[in-house]
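Okay, so here's the structure we're looking at.
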Amino acid sequence: MLFRSRIDGQAVQAGDRIVAIASSGVHSNGFSLVRRILASQGVAPDTRLAPAQAPLIERLLTPTTLYGALVRRLRQAGTPLHGMAHITGGGLPENLPRALPDGLHGAIDPRSWERPDLFRWLQEAGEVPEEDLWNTFNLGVGFCLVLPAAAVDDALAICTAEGLPAWDLGEVVAGAAPAGRPLAGLPY
């Protein structure tokens, strides 16, 4: 099926919702910081985050989730996608605003998901300040969809059917983001 409309963010409007899709891990971002933390902690190859979990090295090297098939499935279902953002190096603060046109900003709820234990470990072991953590890692959010509020439930159901945990992360708001911040709701 050929899709005739581009998803370039120009359809984004105030009141749209931001849906987050879970990452599978660090997604190849921030590895300079990861290596520094591992070296400073003298981490052994068999180190585990918790006794019942896979070795830390496996968690760090989990392949990046690819979201193309999900986007294709959403489009085939007729889900109106106004914008999208792959959350790579720079985290939510750098990547999500690029999916929004001028005059709008994202307001996220950092309590809408539980930060994966891998990122908690990296923060504690490396004594990484909260702001640096947000501006380096995806913190468990691998991809964002921007869509009308009426489409959120259908999008979440499709994500679930595709085996990808997803949740309502926040909304698009008119006006500039709070002074000195790329998104409203950041906890730093």
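Chain labels run A, B, ... following the order of the structure tokens; each chain numbers its residues from 1, and ligands are numbered from 1 in the order shown.
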(message) So that I can check the surroundings of segment 184-188 of chain A, please list as a PyMOL selection string every protein, DNA and RNA residue that reaches within 12 Å of it, counting only C-alpha atoms and ignoring chain neighbours fewer than 2 positions away.
(response) chain A and resi 91-93+96-97+104-112+129-135+169-182
Quick one: contact table of segment 23-77 of chain A to segment 142-148 of chain A, 8 Å max, nearest atom pair and distance in Å to one decimal per residue, counting only C-alpha atoms, chain and number order, as CSV?
```
residue,atom,partner,partner_atom,distance
A:Ser23,CA,A:Gly142,CA,3.9
A:Ser24,CA,A:Gly142,CA,7.4
A:His27,CA,A:Gly142,CA,7.7
A:Thr65,CA,A:Gly142,CA,7.5
A:Tyr67,CA,A:Phe143,CA,7.4
```
(request) Quick one: everything within 8 Å of segment 76-85 of chain A, counting only C-alpha atoms, minus sequence neighbours fewer than 2 positions away in the same chain. Send it as a PyMOL selection string. (result) chain A and resi 1+7-12+72-74+87+95-96+98-100+143-148+151+154-155
Keeping only N, CA, C and O atoms, write the selected residues as a compact mmCIF listing (two decimals), in the first residue's frame.
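Output contents, as saved in out_39.txt:
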```txt
# COMPACT_ATOMS: atom_id res chain seq x y z
N MET A 1 0.84 -1.18 0.00
CA MET A 1 0.00 0.00 0.00
C MET A 1 0.89 1.24 0.00
O MET A 1 1.81 1.36 0.79
N ILE A 7 4.42 12.21 6.98
CA ILE A 7 4.30 12.54 8.40
C ILE A 7 5.49 13.45 8.70
O ILE A 7 6.59 12.98 8.97
N ASP A 8 5.24 14.75 8.60
CA ASP A 8 6.34 15.71 8.75
C ASP A 8 6.15 16.68 9.92
O ASP A 8 6.90 17.63 10.08
N GLY A 9 5.13 16.44 10.73
CA GLY A 9 4.89 17.29 11.89
C GLY A 9 4.02 18.51 11.62
O GLY A 9 3.60 19.17 12.57
N GLN A 10 3.74 18.79 10.37
CA GLN A 10 2.96 19.99 10.07
C GLN A 10 1.50 19.88 10.49
O GLN A 10 0.83 20.89 10.67
N ALA A 11 0.99 18.66 10.66
CA ALA A 11 -0.39 18.47 11.10
C ALA A 11 -0.54 18.54 12.62
O ALA A 11 -1.65 18.57 13.13
N VAL A 12 0.56 18.57 13.35
CA VAL A 12 0.51 18.62 14.82
C VAL A 12 -0.20 19.89 15.27
O VAL A 12 0.05 20.97 14.73
N ARG A 72 3.99 1.32 9.97
CA ARG A 72 3.26 0.77 8.82
C ARG A 72 1.91 0.22 9.27
O ARG A 72 0.88 0.49 8.65
N ARG A 73 1.89 -0.53 10.37
CA ARG A 73 0.63 -1.10 10.88
C ARG A 73 -0.35 -0.01 11.30
O ARG A 73 -1.54 -0.10 11.01
N LEU A 74 0.14 1.02 11.95
CA LEU A 74 -0.73 2.14 12.34
C LEU A 74 -1.33 2.82 11.12
O LEU A 74 -2.52 3.14 11.09
N ILE A 87 13.57 8.45 19.78
CA ILE A 87 14.28 9.04 20.91
C ILE A 87 15.68 8.42 20.98
O ILE A 87 15.88 7.33 21.48
N ASN A 95 14.94 15.30 21.11
CA ASN A 95 14.30 14.66 19.96
C ASN A 95 12.82 14.98 19.79
O ASN A 95 12.37 15.21 18.68
N LEU A 96 12.05 14.98 20.87
CA LEU A 96 10.61 15.24 20.75
C LEU A 96 10.31 16.64 20.21
O LEU A 96 9.46 16.78 19.31
N ARG A 98 11.76 18.34 18.03
CA ARG A 98 11.98 18.40 16.57
C ARG A 98 10.77 17.89 15.80
O ARG A 98 10.65 18.16 14.61
N ALA A 99 9.88 17.16 16.45
CA ALA A 99 8.68 16.64 15.78
C ALA A 99 7.51 17.62 15.87
O ALA A 99 6.44 17.34 15.33
N LEU A 100 7.72 18.75 16.53
CA LEU A 100 6.64 19.71 16.75
C LEU A 100 6.93 21.00 16.00
O LEU A 100 8.05 21.50 16.03
N PHE A 143 10.40 5.65 21.19
CA PHE A 143 9.75 6.28 20.04
C PHE A 143 8.50 6.99 20.54
O PHE A 143 7.87 6.54 21.50
N CYS A 144 8.16 8.10 19.91
CA CYS A 144 6.93 8.82 20.26
C CYS A 144 6.07 9.04 19.03
O CYS A 144 6.59 9.32 17.94
N LEU A 145 4.80 8.93 19.23
CA LEU A 145 3.80 9.26 18.21
C LEU A 145 3.04 10.48 18.67
O LEU A 145 2.72 10.59 19.86
N VAL A 146 2.74 11.37 17.77
CA VAL A 146 1.90 12.53 18.08
C VAL A 146 0.64 12.37 17.24
O VAL A 146 0.71 12.25 16.01
N LEU A 147 -0.52 12.33 17.91
CA LEU A 147 -1.76 12.04 17.22
C LEU A 147 -2.93 12.68 17.95
O LEU A 147 -2.80 13.08 19.10
N PRO A 148 -4.07 12.77 17.28
CA PRO A 148 -5.24 13.35 17.95
C PRO A 148 -5.64 12.53 19.18
O PRO A 148 -5.47 11.30 19.21
N ALA A 151 -7.52 9.28 18.86
CA ALA A 151 -6.85 8.11 18.27
C ALA A 151 -5.96 7.37 19.26
O ALA A 151 -5.39 6.33 18.92
N ASP A 154 -6.89 3.55 20.15
CA ASP A 154 -6.63 2.65 19.02
C ASP A 154 -5.14 2.45 18.82
O ASP A 154 -4.68 1.34 18.56
N ALA A 155 -4.36 3.52 18.92
CA ALA A 155 -2.91 3.40 18.76
C ALA A 155 -2.31 2.52 19.85
O ALA A 155 -1.45 1.67 19.57
```
(request) Mind listing the strand (DSSP E) residues of segment 61-133 of chain A, per DSSP on the backbone, as a PyMOL selection string? (result) chain A and resi 83-86+104-108
Enumerate the residues of segment 120-174 of chain A with a DSSP assignment of alpha helix (DSSP H), computed from the backbone, and present them as an mmCIF file with C-alpha atoms, in the first residue's frame.
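Dumped to out_8.cif:
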```cif
data_model
loop_
_atom_site.group_PDB
_atom_site.id
_atom_site.type_symbol
_atom_site.label_atom_id
_atom_site.label_comp_id
_atom_site.auth_asym_id
_atom_site.auth_seq_id
_atom_site.Cartn_x
_atom_site.Cartn_y
_atom_site.Cartn_z
ATOM 1 C CA ARG A 120 18.452 3.782 37.541
ATOM 2 C CA TRP A 121 21.644 1.719 37.841
ATOM 3 C CA LEU A 122 23.509 3.955 35.370
ATOM 4 C CA GLN A 123 22.437 7.080 37.253
ATOM 5 C CA GLU A 124 23.415 5.727 40.667
ATOM 6 C CA ALA A 125 26.655 4.012 39.624
ATOM 7 C CA GLY A 126 27.818 7.002 37.600
ATOM 8 C CA GLU A 130 19.094 14.112 36.583
ATOM 9 C CA GLU A 131 19.415 16.700 33.798
ATOM 10 C CA ASP A 132 22.345 14.851 32.204
ATOM 11 C CA LEU A 133 20.419 11.585 32.391
ATOM 12 C CA TRP A 134 17.444 13.077 30.499
ATOM 13 C CA VAL A 152 -4.877 7.295 21.432
ATOM 14 C CA ASP A 153 -6.815 4.180 22.498
ATOM 15 C CA ASP A 154 -6.634 2.654 19.018
ATOM 16 C CA ALA A 155 -2.908 3.405 18.760
ATOM 17 C CA LEU A 156 -2.250 1.871 22.173
ATOM 18 C CA ALA A 157 -4.199 -1.262 21.188
ATOM 19 C CA ILE A 158 -2.139 -1.625 17.999
ATOM 20 C CA CYS A 159 1.106 -1.166 19.915
ATOM 21 C CA THR A 160 0.024 -3.864 22.367
ATOM 22 C CA ALA A 161 -0.944 -6.200 19.518
#
```
